[in-house]
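*Asks:* What follows is a structure written as structure tokens; I'll ask about it next.
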Amino acid sequence: MRRRRDDGYHELETLFAFVADGDTVTLGGGEGFAVEGPFAGALAEEGDNLVTRAAAKFAETFGVDVAGRITLTKRLPVASGLGGGSADAAATLRLLARREGVAIDDPRLFDCADALGSDVPACLYSRTAIGRGRGERLEPVAGASGTPVLLVNPGVAVSTARVFGGWDRVDRGALGEGDLLNVARAGRNDLEPPALAVAPVIGEVLDLLAAQPGVTLARMSGSGATCFALFDTLAGRDAAAEAAGAGQPGWWCLKTVLL
Ligand code: C5P
């Protein structure tokens, strides 16, 4: 985190990385929107969500009707700092662009993504990148494909705006240089302290992950409360998942790898 802006957003420097598992968005016959999957309930009550907003934005921008039924399979917890909603919105834009013959690098598609949320352009791009500005100014960087990842959420939803609002506004310096894992390890998540103030259980998750054999990095993702840990080996990751699951029935875990 670098600076609070007059428009209420924050200038930041962040690493966007993608994992092999998550939500899916499909476009089929029929019409309307459906949500299914283990976290469908949290979205079903809401009148709109980032997928329906993405479809509406696309239709308005490109002057087309969105024909077909969009189905979101929600496997990632909602409001969990993983950018799941942003990725769902970006996937919807990509699906509609492909069907309507809009190029993925069409600047109007980027503008749609940018209007939907700070992390949506990165998800549209969907490659390992440094994000600057609100997160929308993207610079590609080499990833660490195949690195085992464990995601753990302690079952609490935290408000992104509240966590950003709790940042102490101390600029602790720029992102370093070098390969992805070294940059990540030398860096920090400045949103951890304000998120911990809202949900102290995040500290338990971080302590548990950091103590696991073979862990190379344990940190909170985005504005939380989900934390991620990177491992040397799949076996190390799987053992850590067992440790996180044992005695913590309310904790959600996902074993995956970096793309
Ligand atoms: O852009 P998006 O709608 O995803 O942002 C959600 C909230 O997160 C914003 O209302 C703002 O409180 C906070 N935010 C921020 N600075 C950013 C990105 C998000 O303050 N760079």
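Chains: A, B, ... in order of the structure tokens. Residues: from 1 per chain. Ligands: from 1, in order shown.
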Around ligand 1, which protein and nucleic acid residues have at least one atom no more than 12 Å from it, if we count only C-alpha atoms and all ligand atoms? List them as a PyMOL selection string.
*Replies:* chain A and resi 1-14+49-50+79+81-87+89+113-123+131-137+158-167+169+191+222-224
*Asks:* Would you please give, as a PyMOL selection string, all residues of stretch 55-143 of chain A that DSSP assigns to strand (DSSP E) based on the backbone?
*Replies:* chain A and resi 68-73+129-132+137-140
*Asks:* Neighbours of stretch 21-29 of chain A within 7 Å (only C-alpha atoms; same-chain residues fewer than 2 positions away dropped), as a list in words?
*Replies:*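 Using only C-alpha atoms, the neighbours found are Val19, Glu31, Gly68, Arg69, Ile70, Thr71, Leu72, Thr73, Lys74, Arg75, Leu76, Asp88, Ala91, Thr92 and Thr256 of chain A.
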*Asks:* Go ahead and dump the residues you just picked, C-alpha atoms, as a CSV table (one decimal), in the first residue's frame.
*Replies:*
```csv
chain,number,residue,atom,x,y,z
A,19,VAL,CA,-4.4,-20.9,-9.2
A,31,GLU,CA,-31.8,-17.4,-20.5
A,68,GLY,CA,-28.2,-17.7,-23.2
A,69,ARG,CA,-28.2,-18.8,-19.6
A,70,ILE,CA,-25.1,-17.9,-17.5
A,71,THR,CA,-24.4,-20.4,-14.8
A,72,LEU,CA,-21.9,-19.6,-12.0
A,73,THR,CA,-20.5,-22.5,-10.0
A,74,LYS,CA,-19.4,-20.8,-6.8
A,75,ARG,CA,-16.7,-22.9,-5.1
A,76,LEU,CA,-14.7,-20.1,-3.5
A,88,ASP,CA,-16.1,-14.5,-12.2
A,91,ALA,CA,-14.7,-14.9,-17.0
A,92,THR,CA,-18.1,-13.6,-18.0
A,256,THR,CA,-4.2,-26.2,-5.6
```
*Asks:* Based on the backbone DSSP call, show me all residues of stretch 47-177 of chain A assigned helix (DSSP H, G or I), as an NGL selection string.
*Replies:* :A and (50-62 or 84-100 or 107-116 or 120-125 or 160-165)
*Asks:* Take the residues that were just selected and, keeping N, CA and C atoms, output them as a compact mmCIF listing (two decimals), in the first residue's frame.
*Replies:*
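Saved the output as out_1.txt:
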```txt
# COMPACT_ATOMS: atom_id res chain seq x y z
N LEU A 50 -21.41 -9.76 -9.44
CA LEU A 50 -20.43 -9.31 -10.44
C LEU A 50 -20.62 -10.00 -11.80
N VAL A 51 -21.22 -11.20 -11.81
CA VAL A 51 -21.45 -11.87 -13.10
C VAL A 51 -22.57 -11.18 -13.87
N THR A 52 -23.68 -10.92 -13.19
CA THR A 52 -24.80 -10.26 -13.89
C THR A 52 -24.40 -8.83 -14.27
N ARG A 53 -23.62 -8.18 -13.41
CA ARG A 53 -23.19 -6.82 -13.74
C ARG A 53 -22.23 -6.83 -14.93
N ALA A 54 -21.37 -7.84 -15.01
CA ALA A 54 -20.44 -7.95 -16.14
C ALA A 54 -21.23 -8.18 -17.44
N ALA A 55 -22.24 -9.02 -17.38
CA ALA A 55 -23.04 -9.30 -18.59
C ALA A 55 -23.76 -8.02 -19.04
N ALA A 56 -24.30 -7.28 -18.07
CA ALA A 56 -25.02 -6.04 -18.41
C ALA A 56 -24.05 -5.01 -18.99
N LYS A 57 -22.87 -4.93 -18.40
CA LYS A 57 -21.86 -3.96 -18.88
C LYS A 57 -21.43 -4.30 -20.30
N PHE A 58 -21.23 -5.59 -20.55
CA PHE A 58 -20.82 -6.03 -21.89
C PHE A 58 -21.92 -5.68 -22.90
N ALA A 59 -23.17 -6.00 -22.55
CA ALA A 59 -24.30 -5.76 -23.46
C ALA A 59 -24.40 -4.27 -23.79
N GLU A 60 -24.24 -3.44 -22.76
CA GLU A 60 -24.35 -1.98 -22.95
C GLU A 60 -23.19 -1.46 -23.82
N THR A 61 -21.98 -1.94 -23.54
CA THR A 61 -20.80 -1.44 -24.25
C THR A 61 -20.81 -1.84 -25.72
N PHE A 62 -21.19 -3.09 -25.98
CA PHE A 62 -21.09 -3.60 -27.35
C PHE A 62 -22.43 -3.60 -28.08
N GLY A 84 -12.32 -13.76 -6.10
CA GLY A 84 -13.21 -14.71 -6.78
C GLY A 84 -14.30 -14.01 -7.58
N GLY A 85 -14.93 -13.03 -6.98
CA GLY A 85 -15.97 -12.28 -7.69
C GLY A 85 -15.40 -11.56 -8.91
N SER A 86 -14.19 -11.01 -8.75
CA SER A 86 -13.53 -10.33 -9.87
C SER A 86 -13.22 -11.32 -10.99
N ALA A 87 -12.76 -12.51 -10.62
CA ALA A 87 -12.46 -13.54 -11.62
C ALA A 87 -13.73 -14.01 -12.31
N ASP A 88 -14.83 -14.09 -11.57
CA ASP A 88 -16.11 -14.49 -12.18
C ASP A 88 -16.55 -13.44 -13.20
N ALA A 89 -16.39 -12.16 -12.84
CA ALA A 89 -16.77 -11.08 -13.75
C ALA A 89 -15.91 -11.14 -15.01
N ALA A 90 -14.61 -11.33 -14.82
CA ALA A 90 -13.69 -11.39 -15.97
C ALA A 90 -14.00 -12.59 -16.85
N ALA A 91 -14.33 -13.72 -16.24
CA ALA A 91 -14.66 -14.93 -17.02
C ALA A 91 -15.92 -14.67 -17.84
N THR A 92 -16.88 -13.95 -17.27
CA THR A 92 -18.11 -13.63 -17.99
C THR A 92 -17.78 -12.74 -19.20
N LEU A 93 -16.93 -11.74 -18.99
CA LEU A 93 -16.54 -10.87 -20.12
C LEU A 93 -15.83 -11.68 -21.20
N ARG A 94 -14.96 -12.59 -20.78
CA ARG A 94 -14.22 -13.40 -21.77
C ARG A 94 -15.15 -14.29 -22.58
N LEU A 95 -16.12 -14.92 -21.87
CA LEU A 95 -17.08 -15.80 -22.55
C LEU A 95 -17.88 -15.02 -23.59
N LEU A 96 -18.39 -13.86 -23.17
CA LEU A 96 -19.23 -13.07 -24.07
C LEU A 96 -18.41 -12.51 -25.22
N ALA A 97 -17.16 -12.12 -24.94
CA ALA A 97 -16.29 -11.60 -26.00
C ALA A 97 -16.04 -12.67 -27.06
N ARG A 98 -15.79 -13.89 -26.59
CA ARG A 98 -15.52 -14.99 -27.53
C ARG A 98 -16.75 -15.22 -28.41
N ARG A 99 -17.93 -15.22 -27.78
CA ARG A 99 -19.14 -15.49 -28.55
C ARG A 99 -19.45 -14.37 -29.54
N GLU A 100 -19.17 -13.14 -29.16
CA GLU A 100 -19.53 -12.00 -30.01
C GLU A 100 -18.38 -11.59 -30.93
N PRO A 107 -9.68 -2.59 -26.27
CA PRO A 107 -9.66 -1.68 -25.11
C PRO A 107 -11.02 -1.49 -24.45
N ARG A 108 -12.10 -1.67 -25.23
CA ARG A 108 -13.44 -1.52 -24.62
C ARG A 108 -13.71 -2.63 -23.61
N LEU A 109 -13.12 -3.80 -23.86
CA LEU A 109 -13.29 -4.91 -22.92
C LEU A 109 -12.54 -4.60 -21.62
N PHE A 110 -11.34 -4.04 -21.75
CA PHE A 110 -10.59 -3.61 -20.57
C PHE A 110 -11.39 -2.56 -19.79
N ASP A 111 -12.01 -1.61 -20.53
CA ASP A 111 -12.78 -0.56 -19.85
C ASP A 111 -13.96 -1.16 -19.08
N CYS A 112 -14.60 -2.19 -19.67
CA CYS A 112 -15.69 -2.88 -18.95
C CYS A 112 -15.14 -3.45 -17.65
N ALA A 113 -14.00 -4.13 -17.74
CA ALA A 113 -13.40 -4.77 -16.57
C ALA A 113 -13.06 -3.71 -15.51
N ASP A 114 -12.46 -2.64 -15.96
CA ASP A 114 -12.04 -1.57 -15.05
C ASP A 114 -13.24 -0.97 -14.32
N ALA A 115 -14.36 -0.85 -15.03
CA ALA A 115 -15.56 -0.26 -14.41
C ALA A 115 -16.18 -1.21 -13.39
N LEU A 116 -15.92 -2.50 -13.53
CA LEU A 116 -16.55 -3.49 -12.64
C LEU A 116 -15.82 -3.64 -11.31
N VAL A 120 -10.62 -6.58 -11.57
CA VAL A 120 -11.19 -7.29 -12.73
C VAL A 120 -10.26 -7.23 -13.95
N PRO A 121 -9.56 -6.09 -14.22
CA PRO A 121 -8.62 -6.11 -15.35
C PRO A 121 -7.55 -7.20 -15.19
N ALA A 122 -7.01 -7.37 -13.99
CA ALA A 122 -5.99 -8.41 -13.79
C ALA A 122 -6.56 -9.79 -14.08
N CYS A 123 -7.82 -9.99 -13.70
CA CYS A 123 -8.45 -11.30 -13.93
C CYS A 123 -8.77 -11.51 -15.41
N LEU A 124 -9.08 -10.41 -16.10
CA LEU A 124 -9.30 -10.51 -17.55
C LEU A 124 -7.99 -10.93 -18.22
N TYR A 125 -6.91 -10.32 -17.80
CA TYR A 125 -5.58 -10.61 -18.30
C TYR A 125 -5.19 -12.04 -17.92
N THR A 160 -14.05 -5.57 2.44
CA THR A 160 -12.87 -5.00 1.77
C THR A 160 -12.71 -3.53 2.13
N ALA A 161 -13.80 -2.78 2.05
CA ALA A 161 -13.71 -1.33 2.30
C ALA A 161 -13.27 -1.07 3.74
N ARG A 162 -13.76 -1.88 4.68
CA ARG A 162 -13.40 -1.69 6.08
C ARG A 162 -11.92 -1.96 6.31
N VAL A 163 -11.41 -3.00 5.67
CA VAL A 163 -9.99 -3.34 5.85
C VAL A 163 -9.10 -2.26 5.22
N PHE A 164 -9.43 -1.85 4.00
CA PHE A 164 -8.67 -0.76 3.37
C PHE A 164 -8.72 0.49 4.25
N GLY A 165 -9.92 0.77 4.80
CA GLY A 165 -10.10 1.97 5.63
C GLY A 165 -9.30 1.92 6.92
```
*Asks:* Give me, as a ChimeraX atom specification, all polymer residues having an atom no more than 9 Å from A:Thr233, counting only C-alpha atoms and skipping those fewer than 4 positions away in the same chain.
*Replies:* /A:147-148,214-215,237-238
*Asks:* Go through A:Arg172, A:Lys255, A:Arg127, A:Arg188 one by one, measure the shortest atom-to-atom distance of each to A:Met220 using only C-alpha atoms, and give the residue with the smallest value.
*Replies:*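 Residue with the minimum atom-to-atom distance to A:Met220: A:Arg188.
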*Asks:* Any idea what's packed within 6 Å of A:Thr226, counting only C-alpha atoms, ignoring anything in its chain fewer than 6 positions away? Could you give it as a ChimeraX atom specification?
*Replies:* /A:80-81,152-153
*Asks:* Would you save the residues of that selection, restricted to N, CA, C and O atoms, as a PDB file, in the first residue's frame?
*Replies:*
```pdb
ATOM      1  N   SER A  80     -13.885 -13.069   0.481  1.00  0.00           N
ATOM      2  CA  SER A  80     -12.814 -13.768   1.184  1.00  0.00           C
ATOM      3  C   SER A  80     -11.418 -13.309   0.771  1.00  0.00           C
ATOM      4  O   SER A  80     -10.436 -13.914   1.182  1.00  0.00           O
ATOM      5  N   GLY A  81     -11.318 -12.258  -0.054  1.00  0.00           N
ATOM      6  CA  GLY A  81      -9.998 -11.723  -0.391  1.00  0.00           C
ATOM      7  C   GLY A  81      -9.252 -12.497  -1.448  1.00  0.00           C
ATOM      8  O   GLY A  81      -8.051 -12.292  -1.647  1.00  0.00           O
ATOM      9  N   VAL A 152      -6.548 -21.145   2.900  1.00  0.00           N
ATOM     10  CA  VAL A 152      -7.309 -21.418   4.129  1.00  0.00           C
ATOM     11  C   VAL A 152      -8.100 -20.174   4.517  1.00  0.00           C
ATOM     12  O   VAL A 152      -7.527 -19.077   4.634  1.00  0.00           O
ATOM     13  N   ASN A 153      -9.392 -20.356   4.700  1.00  0.00           N
ATOM     14  CA  ASN A 153     -10.252 -19.258   5.167  1.00  0.00           C
ATOM     15  C   ASN A 153     -10.913 -19.697   6.474  1.00  0.00           C
ATOM     16  O   ASN A 153     -11.511 -20.774   6.532  1.00  0.00           O
TER      17      ASN A 153
END
```
*Asks:* For A:Val141, which of A:Gly178, A:Pro77, A:Gly203, A:Gly30 is the closest residue, counting only C-alpha atoms?
*Replies:*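 Closest to A:Val141, using only C-alpha atoms: A:Gly178.
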*Asks:* Counting only C-alpha atoms, figure out which residue out of A:Ala42, A:Ile130, A:Ala142, A:Cys227 gets nearest to A:Leu175.
*Replies:*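 Looking at the shortest contact to A:Leu175, the residue is A:Ile130.
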*Asks:* Between A:Gly37, A:Gly146, A:Pro154, A:Gly32, which one has atoms that come closest to A:Ala244, using only C-alpha atoms?
*Replies:*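 That would be A:Pro154, the residue with the smallest distance to A:Ala244.
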*Asks:* Taking 2 positions as the minimum chain separation for residues in the same chain, which residues sit within 9 Å of A:Arg185 when counting only C-alpha atoms? Answer as a PDB file with N, CA and C atoms, in the first residue's frame.
*Replies:*
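Writing done, so here's result.pdb:
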```pdb
ATOM      1  N   LEU A 180       9.588 -13.954  -8.908  1.00  0.00           N
ATOM      2  CA  LEU A 180       8.294 -13.816  -8.227  1.00  0.00           C
ATOM      3  C   LEU A 180       8.347 -14.198  -6.748  1.00  0.00           C
ATOM      4  N   LEU A 181       8.906 -15.372  -6.461  1.00  0.00           N
ATOM      5  CA  LEU A 181       8.865 -15.847  -5.079  1.00  0.00           C
ATOM      6  C   LEU A 181       9.733 -14.988  -4.170  1.00  0.00           C
ATOM      7  N   ASN A 182      10.882 -14.532  -4.696  1.00  0.00           N
ATOM      8  CA  ASN A 182      11.724 -13.660  -3.874  1.00  0.00           C
ATOM      9  C   ASN A 182      11.051 -12.311  -3.633  1.00  0.00           C
ATOM     10  N   VAL A 183      10.415 -11.779  -4.676  1.00  0.00           N
ATOM     11  CA  VAL A 183       9.709 -10.500  -4.519  1.00  0.00           C
ATOM     12  C   VAL A 183       8.591 -10.662  -3.493  1.00  0.00           C
ATOM     13  N   GLY A 187       8.380  -9.006   0.291  1.00  0.00           N
ATOM     14  CA  GLY A 187       7.301  -8.033   0.431  1.00  0.00           C
ATOM     15  C   GLY A 187       6.463  -8.285   1.664  1.00  0.00           C
ATOM     16  N   ARG A 188       5.275  -7.768   1.651  1.00  0.00           N
ATOM     17  CA  ARG A 188       4.397  -7.864   2.824  1.00  0.00           C
ATOM     18  C   ARG A 188       2.987  -7.593   2.347  1.00  0.00           C
ATOM     19  N   THR A 216       7.097 -22.251   2.164  1.00  0.00           N
ATOM     20  CA  THR A 216       8.070 -21.249   1.710  1.00  0.00           C
ATOM     21  C   THR A 216       7.531 -19.826   1.867  1.00  0.00           C
ATOM     22  N   LEU A 217       6.221 -19.690   2.007  1.00  0.00           N
ATOM     23  CA  LEU A 217       5.618 -18.368   2.220  1.00  0.00           C
ATOM     24  C   LEU A 217       4.204 -18.566   2.752  1.00  0.00           C
ATOM     25  N   ALA A 218       3.843 -17.827   3.793  1.00  0.00           N
ATOM     26  CA  ALA A 218       2.464 -17.855   4.309  1.00  0.00           C
ATOM     27  C   ALA A 218       2.023 -16.421   4.506  1.00  0.00           C
TER      28      ALA A 218
END
```
*Asks:* Using only C-alpha atoms, can you tell me which of A:Leu15, A:Val78, A:Val257, A:Leu234 comes closest to A:Ala40?
*Replies:* A:Val78
*Asks:* Hey, which of A:Ala144, A:Leu209, A:Ala129, A:Leu259 ends up closest to A:Ala20? Count only C-alpha atoms.
*Replies:* A:Leu259
*Asks:* What is the distance, in Å and to one decimal place, between atom CA of A:Ala186 and atom CA of A:Ala240?
*Replies:*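 We find that atom CA of A:Ala186 and atom CA of A:Ala240 lie 22.7 Å from each other.
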